>>> print(open('protein-v7.cif').read())   # mmCIF, C-alpha atoms and all ligand atoms
data_my_file
loop_
_atom_site.group_PDB
_atom_site.id
_atom_site.type_symbol
_atom_site.label_atom_id
_atom_site.label_comp_id
_atom_site.auth_asym_id
_atom_site.auth_seq_id
_atom_site.Cartn_x
_atom_site.Cartn_y
_atom_site.Cartn_z
ATOM 1 C CA MET A 1 -108.253 20.185 139.557
ATOM 2 C CA THR A 2 -106.739 16.828 138.704
ATOM 3 C CA ALA A 3 -104.491 17.108 135.706
ATOM 4 C CA GLN A 4 -104.886 15.268 132.443
ATOM 5 C CA ILE A 5 -101.844 13.033 131.959
ATOM 6 C CA ILE A 6 -100.027 13.669 128.691
ATOM 7 C CA ASP A 7 -98.988 10.182 127.591
ATOM 8 C CA GLY A 8 -95.569 10.587 125.954
ATOM 9 C CA LYS A 9 -95.201 6.872 125.390
ATOM 10 C CA ALA A 10 -98.376 6.720 123.288
ATOM 11 C CA PHE A 11 -97.544 9.998 121.531
ATOM 12 C CA ALA A 12 -94.049 8.744 120.662
ATOM 13 C CA ALA A 13 -95.620 5.621 119.156
ATOM 14 C CA THR A 14 -97.754 7.800 116.844
ATOM 15 C CA VAL A 15 -94.659 9.805 115.831
ATOM 16 C CA ARG A 16 -92.789 6.567 115.031
ATOM 17 C CA GLU A 17 -95.778 5.362 112.977
ATOM 18 C CA LYS A 18 -95.731 8.585 110.959
ATOM 19 C CA VAL A 19 -91.976 8.246 110.478
ATOM 20 C CA ALA A 20 -92.360 4.622 109.361
ATOM 21 C CA GLY A 21 -95.016 5.709 106.824
ATOM 22 C CA HIS A 22 -92.680 8.338 105.354
ATOM 23 C CA VAL A 23 -89.785 5.899 105.269
ATOM 24 C CA ALA A 24 -91.913 3.361 103.372
ATOM 25 C CA ARG A 25 -92.910 6.043 100.822
ATOM 26 C CA LEU A 26 -89.311 7.225 100.412
ATOM 27 C CA LYS A 27 -88.228 3.668 99.696
ATOM 28 C CA GLU A 28 -91.068 2.906 97.325
ATOM 29 C CA GLU A 29 -91.405 6.182 95.430
ATOM 30 C CA ASN A 30 -87.889 7.578 95.590
ATOM 31 C CA ASN A 31 -85.722 4.527 96.083
ATOM 32 C CA VAL A 32 -83.954 6.066 99.090
ATOM 33 C CA THR A 33 -83.673 4.626 102.581
ATOM 34 C CA PRO A 34 -82.955 7.145 105.343
ATOM 35 C CA GLY A 35 -79.823 6.225 107.293
ATOM 36 C CA LEU A 36 -78.785 7.242 110.807
ATOM 37 C CA ALA A 37 -75.194 6.851 112.025
ATOM 38 C CA VAL A 38 -74.537 6.853 115.758
ATOM 39 C CA VAL A 39 -71.003 7.227 117.077
ATOM 40 C CA LEU A 40 -70.227 6.049 120.596
ATOM 41 C CA VAL A 41 -66.817 6.651 122.140
ATOM 42 C CA GLY A 42 -66.011 4.610 125.232
ATOM 43 C CA GLU A 43 -68.160 2.403 127.402
ATOM 44 C CA ASP A 44 -70.356 4.660 129.500
ATOM 45 C CA PRO A 45 -73.170 2.284 130.548
ATOM 46 C CA ALA A 46 -76.012 4.821 130.213
ATOM 47 C CA SER A 47 -74.751 5.836 126.755
ATOM 48 C CA GLN A 48 -74.576 2.196 125.687
ATOM 49 C CA VAL A 49 -78.232 1.728 126.667
ATOM 50 C CA TYR A 50 -79.293 4.861 124.731
ATOM 51 C CA VAL A 51 -77.298 3.876 121.648
ATOM 52 C CA ARG A 52 -78.749 0.367 121.625
ATOM 53 C CA SER A 53 -82.258 1.774 121.926
ATOM 54 C CA LYS A 54 -81.643 4.283 119.112
ATOM 55 C CA GLY A 55 -80.313 1.548 116.817
ATOM 56 C CA LYS A 56 -83.257 -0.745 117.541
ATOM 57 C CA GLN A 57 -85.905 1.932 116.940
ATOM 58 C CA THR A 58 -84.135 3.129 113.777
ATOM 59 C CA VAL A 59 -84.414 -0.349 112.272
ATOM 60 C CA GLU A 60 -88.016 -0.754 113.507
ATOM 61 C CA VAL A 61 -89.171 2.245 111.440
ATOM 62 C CA GLY A 62 -87.444 0.834 108.360
ATOM 63 C CA MET A 63 -84.340 3.019 108.279
ATOM 64 C CA ASN A 64 -80.713 1.936 108.053
ATOM 65 C CA SER A 65 -78.747 2.110 111.291
ATOM 66 C CA TYR A 66 -74.966 2.451 111.322
ATOM 67 C CA GLU A 67 -73.185 2.100 114.656
ATOM 68 C CA HIS A 68 -69.587 3.148 115.189
ATOM 69 C CA LYS A 69 -68.197 2.073 118.537
ATOM 70 C CA LEU A 70 -64.793 3.532 119.272
ATOM 71 C CA ASP A 71 -62.371 2.929 122.144
ATOM 72 C CA ALA A 72 -62.411 5.341 125.069
ATOM 73 C CA ASP A 73 -58.859 6.463 124.199
ATOM 74 C CA THR A 74 -59.699 7.312 120.553
ATOM 75 C CA SER A 75 -57.807 10.451 119.501
ATOM 76 C CA GLU A 76 -59.544 13.623 118.387
ATOM 77 C CA GLU A 77 -57.961 13.198 114.971
ATOM 78 C CA ASP A 78 -59.364 9.681 114.566
ATOM 79 C CA LEU A 79 -62.843 10.723 115.726
ATOM 80 C CA LEU A 80 -62.810 13.691 113.322
ATOM 81 C CA ALA A 81 -61.856 11.271 110.535
ATOM 82 C CA VAL A 82 -64.880 9.059 111.354
ATOM 83 C CA VAL A 83 -67.218 12.070 111.327
ATOM 84 C CA ASN A 84 -65.702 13.283 108.061
ATOM 85 C CA LYS A 85 -66.274 9.905 106.444
ATOM 86 C CA LEU A 86 -69.930 9.948 107.557
ATOM 87 C CA ASN A 87 -70.306 13.547 106.306
ATOM 88 C CA ASN A 88 -69.278 12.310 102.862
ATOM 89 C CA ASP A 89 -71.325 9.108 102.848
ATOM 90 C CA PRO A 90 -74.489 9.611 100.735
ATOM 91 C CA ASP A 91 -76.247 6.713 102.510
ATOM 92 C CA VAL A 92 -75.955 8.522 105.847
ATOM 93 C CA HIS A 93 -78.557 11.281 106.306
ATOM 94 C CA GLY A 94 -78.205 11.756 110.061
ATOM 95 C CA ILE A 95 -75.148 11.695 112.324
ATOM 96 C CA LEU A 96 -75.282 11.601 116.107
ATOM 97 C CA VAL A 97 -72.160 11.604 118.277
ATOM 98 C CA GLN A 98 -73.297 10.339 121.664
ATOM 99 C CA LEU A 99 -72.498 12.722 124.536
ATOM 100 C CA PRO A 100 -70.801 12.965 126.941
ATOM 101 C CA LEU A 101 -67.473 12.324 125.236
ATOM 102 C CA PRO A 102 -64.390 11.278 127.223
ATOM 103 C CA ASP A 103 -62.635 14.280 128.801
ATOM 104 C CA HIS A 104 -59.708 14.408 126.355
ATOM 105 C CA LEU A 105 -62.067 15.134 123.431
ATOM 106 C CA ASN A 106 -63.353 18.637 122.699
ATOM 107 C CA GLU A 107 -67.138 18.241 122.402
ATOM 108 C CA ASP A 108 -67.728 21.585 120.663
ATOM 109 C CA LEU A 109 -65.044 20.860 118.099
ATOM 110 C CA ILE A 110 -66.441 17.407 117.328
ATOM 111 C CA ILE A 111 -70.088 18.531 117.161
ATOM 112 C CA ASN A 112 -69.176 21.437 114.889
ATOM 113 C CA SER A 113 -67.343 19.070 112.532
ATOM 114 C CA ILE A 114 -70.656 17.349 111.670
ATOM 115 C CA ASP A 115 -72.258 18.489 108.398
ATOM 116 C CA PRO A 116 -75.070 20.783 109.712
ATOM 117 C CA ALA A 117 -77.493 19.183 107.227
ATOM 118 C CA LYS A 118 -76.840 15.795 108.897
ATOM 119 C CA ASP A 119 -76.795 17.157 112.467
ATOM 120 C CA VAL A 120 -79.957 15.401 113.670
ATOM 121 C CA ASP A 121 -79.209 16.489 117.260
ATOM 122 C CA GLY A 122 -79.427 20.149 116.201
ATOM 123 C CA PHE A 123 -76.339 20.938 118.290
ATOM 124 C CA HIS A 124 -74.114 22.371 115.508
ATOM 125 C CA ILE A 125 -73.519 26.095 115.902
ATOM 126 C CA SER A 126 -75.103 26.708 112.455
ATOM 127 C CA ASN A 127 -78.331 25.003 113.509
ATOM 128 C CA VAL A 128 -78.325 26.898 116.804
ATOM 129 C CA GLY A 129 -78.007 30.146 114.828
ATOM 130 C CA LEU A 130 -80.683 29.179 112.308
ATOM 131 C CA LEU A 131 -83.145 28.296 115.084
ATOM 132 C CA GLY A 132 -82.341 31.534 116.927
ATOM 133 C CA THR A 133 -83.106 33.573 113.814
ATOM 134 C CA GLY A 134 -86.294 31.666 112.966
ATOM 135 C CA GLN A 135 -84.842 29.936 109.922
ATOM 136 C CA LYS A 136 -85.224 26.330 108.841
ATOM 137 C CA SER A 137 -82.827 24.192 110.900
ATOM 138 C CA MET A 138 -82.362 20.829 112.550
ATOM 139 C CA VAL A 139 -84.063 21.157 115.947
ATOM 140 C CA PRO A 140 -82.793 19.436 119.126
ATOM 141 C CA CYS A 141 -84.871 16.321 119.763
ATOM 142 C CA THR A 142 -86.036 16.776 123.359
ATOM 143 C CA PRO A 143 -87.365 20.338 122.913
ATOM 144 C CA LEU A 144 -88.937 19.305 119.596
ATOM 145 C CA GLY A 145 -90.745 16.483 121.410
ATOM 146 C CA CYS A 146 -91.985 18.910 124.086
ATOM 147 C CA LEU A 147 -93.222 21.319 121.385
ATOM 148 C CA MET A 148 -95.089 18.531 119.580
ATOM 149 C CA MET A 149 -96.870 17.530 122.798
ATOM 150 C CA LEU A 150 -97.769 21.144 123.606
ATOM 151 C CA ARG A 151 -99.119 21.782 120.094
ATOM 152 C CA ASP A 152 -101.099 18.554 120.232
ATOM 153 C CA HIS A 153 -102.640 19.504 123.568
ATOM 154 C CA HIS A 154 -103.351 23.191 122.920
ATOM 155 C CA GLY A 155 -103.508 23.645 119.167
ATOM 156 C CA SER A 156 -102.147 27.200 119.044
ATOM 157 C CA LEU A 157 -99.693 28.371 121.737
ATOM 158 C CA SER A 158 -99.946 31.995 120.600
ATOM 159 C CA GLY A 159 -99.957 34.549 123.414
ATOM 160 C CA MET A 160 -99.435 32.019 126.213
ATOM 161 C CA ASP A 161 -97.024 32.752 129.069
ATOM 162 C CA ALA A 162 -94.302 30.097 129.095
ATOM 163 C CA VAL A 163 -91.600 29.611 131.708
ATOM 164 C CA VAL A 164 -88.650 27.374 130.876
ATOM 165 C CA ILE A 165 -86.684 26.392 133.982
ATOM 166 C CA GLY A 166 -83.101 25.616 132.969
ATOM 167 C CA ARG A 167 -80.792 27.273 130.454
ATOM 168 C CA SER A 168 -78.881 24.349 128.938
ATOM 169 C CA ASN A 169 -77.851 24.401 125.286
ATOM 170 C CA ILE A 170 -79.520 21.022 124.763
ATOM 171 C CA VAL A 171 -82.961 21.749 126.255
ATOM 172 C CA GLY A 172 -83.599 25.111 127.942
ATOM 173 C CA LYS A 173 -82.333 27.537 125.309
ATOM 174 C CA PRO A 174 -83.718 25.755 122.217
ATOM 175 C CA MET A 175 -87.031 25.147 124.037
ATOM 176 C CA ALA A 176 -87.321 28.885 124.679
ATOM 177 C CA GLN A 177 -86.599 29.624 121.005
ATOM 178 C CA LEU A 178 -89.266 27.163 119.856
ATOM 179 C CA LEU A 179 -91.885 28.611 122.218
ATOM 180 C CA LEU A 180 -90.992 32.109 121.029
ATOM 181 C CA GLY A 181 -91.373 30.838 117.455
ATOM 182 C CA ASP A 182 -94.915 29.777 118.378
ATOM 183 C CA SER A 183 -95.583 33.292 119.750
ATOM 184 C CA CYS A 184 -95.457 32.533 123.477
ATOM 185 C CA THR A 185 -94.224 35.147 125.933
ATOM 186 C CA VAL A 186 -91.151 33.321 127.186
ATOM 187 C CA THR A 187 -89.196 33.556 130.416
ATOM 188 C CA ILE A 188 -86.038 31.501 130.924
ATOM 189 C CA ALA A 189 -85.523 30.869 134.642
ATOM 190 C CA HIS A 190 -82.406 29.318 136.183
ATOM 191 C CA SER A 191 -80.539 28.755 139.416
ATOM 192 C CA ARG A 192 -80.029 32.504 140.002
ATOM 193 C CA THR A 193 -83.628 33.523 139.259
ATOM 194 C CA LYS A 194 -85.111 35.565 142.099
ATOM 195 C CA ASP A 195 -88.328 34.156 143.579
ATOM 196 C CA LEU A 196 -88.653 31.242 141.178
ATOM 197 C CA PRO A 197 -92.009 30.078 142.634
ATOM 198 C CA GLU A 198 -93.554 33.466 141.815
ATOM 199 C CA VAL A 199 -92.121 33.425 138.278
ATOM 200 C CA VAL A 200 -93.517 29.921 137.697
ATOM 201 C CA ARG A 201 -96.953 30.964 139.074
ATOM 202 C CA ARG A 202 -97.376 33.327 136.098
ATOM 203 C CA ALA A 203 -96.959 30.551 133.557
ATOM 204 C CA ASP A 204 -99.612 28.925 131.385
ATOM 205 C CA ILE A 205 -96.854 26.529 130.247
ATOM 206 C CA VAL A 206 -94.047 25.299 132.514
ATOM 207 C CA VAL A 207 -91.135 23.346 131.053
ATOM 208 C CA ALA A 208 -88.849 22.032 133.797
ATOM 209 C CA ALA A 209 -85.349 21.028 132.672
ATOM 210 C CA VAL A 210 -82.987 21.494 135.596
ATOM 211 C CA GLY A 211 -82.004 17.981 136.652
ATOM 212 C CA ARG A 212 -83.067 18.409 140.289
ATOM 213 C CA PRO A 213 -85.468 15.777 141.588
ATOM 214 C CA GLU A 214 -88.983 17.055 142.391
ATOM 215 C CA MET A 215 -87.831 20.650 142.747
ATOM 216 C CA VAL A 216 -90.947 22.277 141.256
ATOM 217 C CA LEU A 217 -93.748 22.090 143.805
ATOM 218 C CA GLY A 218 -97.485 22.011 143.289
ATOM 219 C CA ASP A 219 -98.136 25.403 144.857
ATOM 220 C CA TRP A 220 -95.831 27.009 142.266
ATOM 221 C CA ILE A 221 -98.201 25.915 139.503
ATOM 222 C CA LYS A 222 -100.966 28.185 138.229
ATOM 223 C CA GLU A 223 -104.343 26.445 138.315
ATOM 224 C CA GLY A 224 -104.888 24.755 134.942
ATOM 225 C CA ALA A 225 -101.342 25.259 133.614
ATOM 226 C CA THR A 226 -99.635 22.709 131.362
ATOM 227 C CA VAL A 227 -96.515 21.184 132.921
ATOM 228 C CA ILE A 228 -93.831 19.489 130.812
ATOM 229 C CA ASP A 229 -91.282 17.671 132.951
ATOM 230 C CA VAL A 230 -87.993 16.996 131.139
ATOM 231 C CA GLY A 231 -86.149 15.760 134.244
ATOM 232 C CA ILE A 232 -85.068 12.138 134.587
ATOM 233 C CA ASN A 233 -83.571 11.714 138.053
ATOM 234 C CA ARG A 234 -82.715 8.459 139.761
ATOM 235 C CA ILE A 235 -83.425 8.593 143.483
ATOM 236 C CA GLU A 236 -83.678 6.106 146.292
ATOM 237 C CA ARG A 237 -86.952 6.132 148.228
ATOM 238 C CA ASP A 238 -88.172 3.608 150.793
ATOM 239 C CA GLY A 239 -85.108 1.512 149.983
ATOM 240 C CA LYS A 240 -86.029 1.341 146.295
ATOM 241 C CA ASN A 241 -84.526 2.977 143.200
ATOM 242 C CA LYS A 242 -87.019 5.245 141.494
ATOM 243 C CA LEU A 243 -87.133 7.573 138.485
ATOM 244 C CA VAL A 244 -88.585 11.010 139.194
ATOM 245 C CA GLY A 245 -88.804 14.242 137.257
ATOM 246 C CA ASP A 246 -87.895 17.821 138.147
ATOM 247 C CA VAL A 247 -91.525 18.355 139.171
ATOM 248 C CA ASP A 248 -93.185 16.986 142.287
ATOM 249 C CA PHE A 249 -95.790 15.048 140.327
ATOM 250 C CA ALA A 250 -98.156 14.325 143.236
ATOM 251 C CA SER A 251 -98.689 17.952 144.227
ATOM 252 C CA ALA A 252 -98.355 19.472 140.730
ATOM 253 C CA SER A 253 -100.989 17.170 139.246
ATOM 254 C CA GLU A 254 -103.516 18.571 141.772
ATOM 255 C CA ARG A 255 -103.153 22.034 140.228
ATOM 256 C CA ALA A 256 -102.079 21.578 136.612
ATOM 257 C CA GLY A 257 -104.528 21.199 133.743
ATOM 258 C CA ALA A 258 -102.202 18.726 132.058
ATOM 259 C CA ILE A 259 -98.864 17.201 133.009
ATOM 260 C CA THR A 260 -96.279 14.773 131.625
ATOM 261 C CA PRO A 261 -95.345 11.892 133.951
ATOM 262 C CA VAL A 262 -91.843 10.535 134.593
ATOM 263 C CA PRO A 263 -91.257 7.958 133.253
ATOM 264 C CA GLY A 264 -93.529 7.862 130.188
ATOM 265 C CA GLY A 265 -93.667 11.570 129.387
ATOM 266 C CA VAL A 266 -90.960 13.486 127.538
ATOM 267 C CA GLY A 267 -88.429 10.603 127.636
ATOM 268 C CA PRO A 268 -89.881 8.417 124.857
ATOM 269 C CA MET A 269 -90.352 11.479 122.616
ATOM 270 C CA THR A 270 -86.613 12.161 122.339
ATOM 271 C CA ILE A 271 -85.719 9.120 120.219
ATOM 272 C CA ALA A 272 -88.986 9.425 118.262
ATOM 273 C CA CYS A 273 -87.918 12.978 117.327
ATOM 274 C CA LEU A 274 -84.424 11.774 116.425
ATOM 275 C CA LEU A 275 -86.041 9.425 113.899
ATOM 276 C CA ALA A 276 -88.264 12.289 112.693
ATOM 277 C CA ASN A 277 -85.191 14.517 112.228
ATOM 278 C CA THR A 278 -83.451 11.785 110.238
ATOM 279 C CA VAL A 279 -86.399 11.545 107.826
ATOM 280 C CA THR A 280 -86.464 15.333 107.549
ATOM 281 C CA ALA A 281 -82.706 15.409 106.807
ATOM 282 C CA CYS A 282 -83.142 12.671 104.179
ATOM 283 C CA CYS A 283 -85.967 14.568 102.453
ATOM 284 C CA ARG A 284 -83.960 17.800 102.414
ATOM 285 C CA ALA A 285 -80.865 16.008 101.064
ATOM 286 C CA ASN A 286 -82.942 14.619 98.208
ATOM 287 C CA GLY A 287 -84.891 17.812 97.478
ATOM 288 C CA LEU A 288 -88.162 16.149 98.514
ATOM 289 C CA ALA A 289 -91.140 17.558 100.415
ATOM 290 C CA GLU A 290 -90.628 17.381 104.164
ATOM 291 C CA PRO A 291 -92.933 15.273 106.283
ATOM 292 C CA GLU A 292 -95.700 17.347 107.820
ATOM 293 C CA GLY A 293 -96.087 17.500 111.589
ATOM 294 C CA LEU A 294 -92.610 16.120 112.291
ATOM 295 C CA THR A 295 -90.670 19.385 112.239
ATOM 296 C CA ALA A 296 -90.883 22.678 114.106
HETATM 297 N N1 LIG B 301 -76.577 12.049 125.490
HETATM 298 C C1 LIG B 301 -77.726 12.094 126.188
HETATM 299 N N2 LIG B 301 -78.719 12.605 125.417
HETATM 300 C C2 LIG B 301 -78.164 12.877 124.215
HETATM 301 C C3 LIG B 301 -78.687 13.409 123.000
HETATM 302 O O1 LIG B 301 -79.856 13.761 122.875
HETATM 303 N N3 LIG B 301 -77.795 13.522 121.978
HETATM 304 C C4 LIG B 301 -76.496 13.159 122.100
HETATM 305 N N4 LIG B 301 -75.703 13.320 121.029
HETATM 306 N N5 LIG B 301 -75.987 12.670 123.212
HETATM 307 C C5 LIG B 301 -76.819 12.516 124.259
#
>>> encode(input="protein-v7.cif", output="structure tokens")
Amino acid sequence: MTAQIIDGKAFAATVREKVAGHVARLKEENNVTPGLAVVLVGEDPASQVYVRSKGKQTVEVGMNSYEHKLDADTSEEDLLAVVNKLNNDPDVHGILVQLPLPDHLNEDLIINSIDPAKDVDGFHISNVGLLGTGQKSMVPCTPLGCLMMLRDHHGSLSGMDAVVIGRSNIVGKPMAQLLLGDSCTVTIAHSRTKDLPEVVRRADIVVAAVGRPEMVLGDWIKEGATVIDVGINRIERDGKNKLVGDVDFASASERAGAITPVPGGVGPMTIACLLANTVTACCRANGLAEPEGLTA
């Protein structure tokens, strides 16, 4: 079998179009413009690229973008004051503090100081708890993007066997909760899992989020399974820099029914879902109907 390629770049464009439509309606009918504030501490080059991209896409869908760039030696007290100001700003519906933070700042403390209703990353402990108990929450963007692609491809996921490889708070754990919410039978595998290839061979859905280049091999994949590759790993091959996923695409695409490529798979969905979460947060803040198809 040669797998169907799930085109995350095209899918993300349709999500952004939907978001832009909702934003236009919110402006016209309700006189509100969704606003997303991004806080960047320090000068990490990768973070700067992400933040620039988030700001650009936010404006492209018609929302307001607020960027707060703070020095690398900003104190915890000063950062908390910035977050507090954004929490109390009615024009700001979403707040994202770019991670990683410099070592002297306590990430958990900062994230948990964000108003959960504005926590468009879905990292606040309240949102983690709400998701875990099947209640309405803000859902982390990357797993939400994976769920949207899976629902689009399969329709219902009910009863499917899903294996999530990786147990991070940002991807693995929330992904497992979302799949459980859609009535999959979910296994979370990780670095200590015994006989990982055999565990993966049972899966109708494989989500790989471990950060190890091309670790998941084709002969681990059940014939016809759907493979979602969250990994973005920079490697050098044949003297060239290359981006690869956590899945060995060449061999896995011979066995899978459908697979996301790297780049152009899950990656573009993350910011699209951040924009979707900001619209959702804006609707909730204003007591308006939530956009359909953009939430879990
Ligand atoms: N750094 C890399 N990805 C992310 C993300 O999704 N959210 C935040 N806040 N920081 C990140």
>>> closest_residue(input="protein-v7.cif", among="A:Ala296, A:Val279, A:His124, A:Ile95", to="Arg25 in chain A", atoms="all atoms listed in the file")
A:Val279
>>> closest_residue(input="protein-v7.cif", among="A:Ala256, A:Val49, A:Ala189, A:Ala81", to="ligand LIG 301 (chain B)", atoms="only C-alpha atoms and all ligand atoms")
A:Val49
>>> atom_distance(input="protein-v7.cif", atom1="CA of His93 in chain A", atom2="CA of Thr278 in chain A")
6.3 Å
>>> resolve_selection(input="protein-v7.cif", expression="the PyMOL selection byres (((chain A and resi 94) around 12) and not hetatm)", output="ChimeraX atom specification")
/A:33-39,58,63-67,83,86-93,95-97,114-122,138,274-285
>>> closest_residue(input="protein-v7.cif", among="A:Met215, A:Ala13, A:Cys184, A:Leu144", to="ligand LIG 301 (chain B)", atoms="only C-alpha atoms and all ligand atoms")
A:Leu144
>>> residues_around(input="protein-v7.cif", residues="Val230 in chain A", least_positions_apart="5", cutoff="7 Å", atoms="all atoms listed in the file", output="PyMOL selection string")
chain A and resi 208-209+245+266
>>> resolve_selection(input="protein-v7.cif", expression="the PyMOL selection byres (((chain A and resi 259-263) around 6) and not hetatm)", output="short mmCIF file (atom, residue, chain, number, x, y, z; two decimals) with C-alpha atoms, in the coordinates of the input")
data_model
loop_
_atom_site.label_atom_id
_atom_site.label_comp_id
_atom_site.auth_asym_id
_atom_site.auth_seq_id
_atom_site.Cartn_x
_atom_site.Cartn_y
_atom_site.Cartn_z
CA ILE A 5 -101.84 13.03 131.96
CA ILE A 6 -100.03 13.67 128.69
CA THR A 226 -99.64 22.71 131.36
CA VAL A 227 -96.52 21.18 132.92
CA ILE A 228 -93.83 19.49 130.81
CA ASP A 229 -91.28 17.67 132.95
CA VAL A 244 -88.58 11.01 139.19
CA GLY A 245 -88.80 14.24 137.26
CA ALA A 258 -102.20 18.73 132.06
CA GLY A 264 -93.53 7.86 130.19
CA GLY A 265 -93.67 11.57 129.39
#
>>> atom_distance(input="protein-v7.cif", atom1="CA of Val82 in chain A", atom2="CA of Cys273 in chain A")
24.1 Å
>>> resolve_selection(input="protein-v7.cif", expression="the PyMOL selection byres (((not hetatm)) within 7 of (chain B and resi 301))", output="PyMOL selection string")
chain A and resi 47+96-100+121+141-142+270
>>> atom_distance(input="protein-v7.cif", atom1="CA of Gly129 in chain A", atom2="CA of Glu290 in chain A")
20.9 Å
>>> residues_around(input="protein-v7.cif", residues="Ala20 in chain A", least_positions_apart="3", cutoff="9 Å", atoms="all atoms listed in the file", output="mmCIF file with C-alpha atoms, keeping the file's coordinate frame")
data_model
loop_
_atom_site.group_PDB
_atom_site.id
_atom_site.type_symbol
_atom_site.label_atom_id
_atom_site.label_comp_id
_atom_site.auth_asym_id
_atom_site.auth_seq_id
_atom_site.Cartn_x
_atom_site.Cartn_y
_atom_site.Cartn_z
ATOM 1 C CA VAL A 15 -94.659 9.805 115.831
ATOM 2 C CA ARG A 16 -92.789 6.567 115.031
ATOM 3 C CA GLU A 17 -95.778 5.362 112.977
ATOM 4 C CA VAL A 23 -89.785 5.899 105.269
ATOM 5 C CA ALA A 24 -91.913 3.361 103.372
ATOM 6 C CA ARG A 25 -92.910 6.043 100.822
ATOM 7 C CA GLU A 60 -88.016 -0.754 113.507
ATOM 8 C CA VAL A 61 -89.171 2.245 111.440
ATOM 9 C CA GLY A 62 -87.444 0.834 108.360
ATOM 10 C CA MET A 63 -84.340 3.019 108.279
#
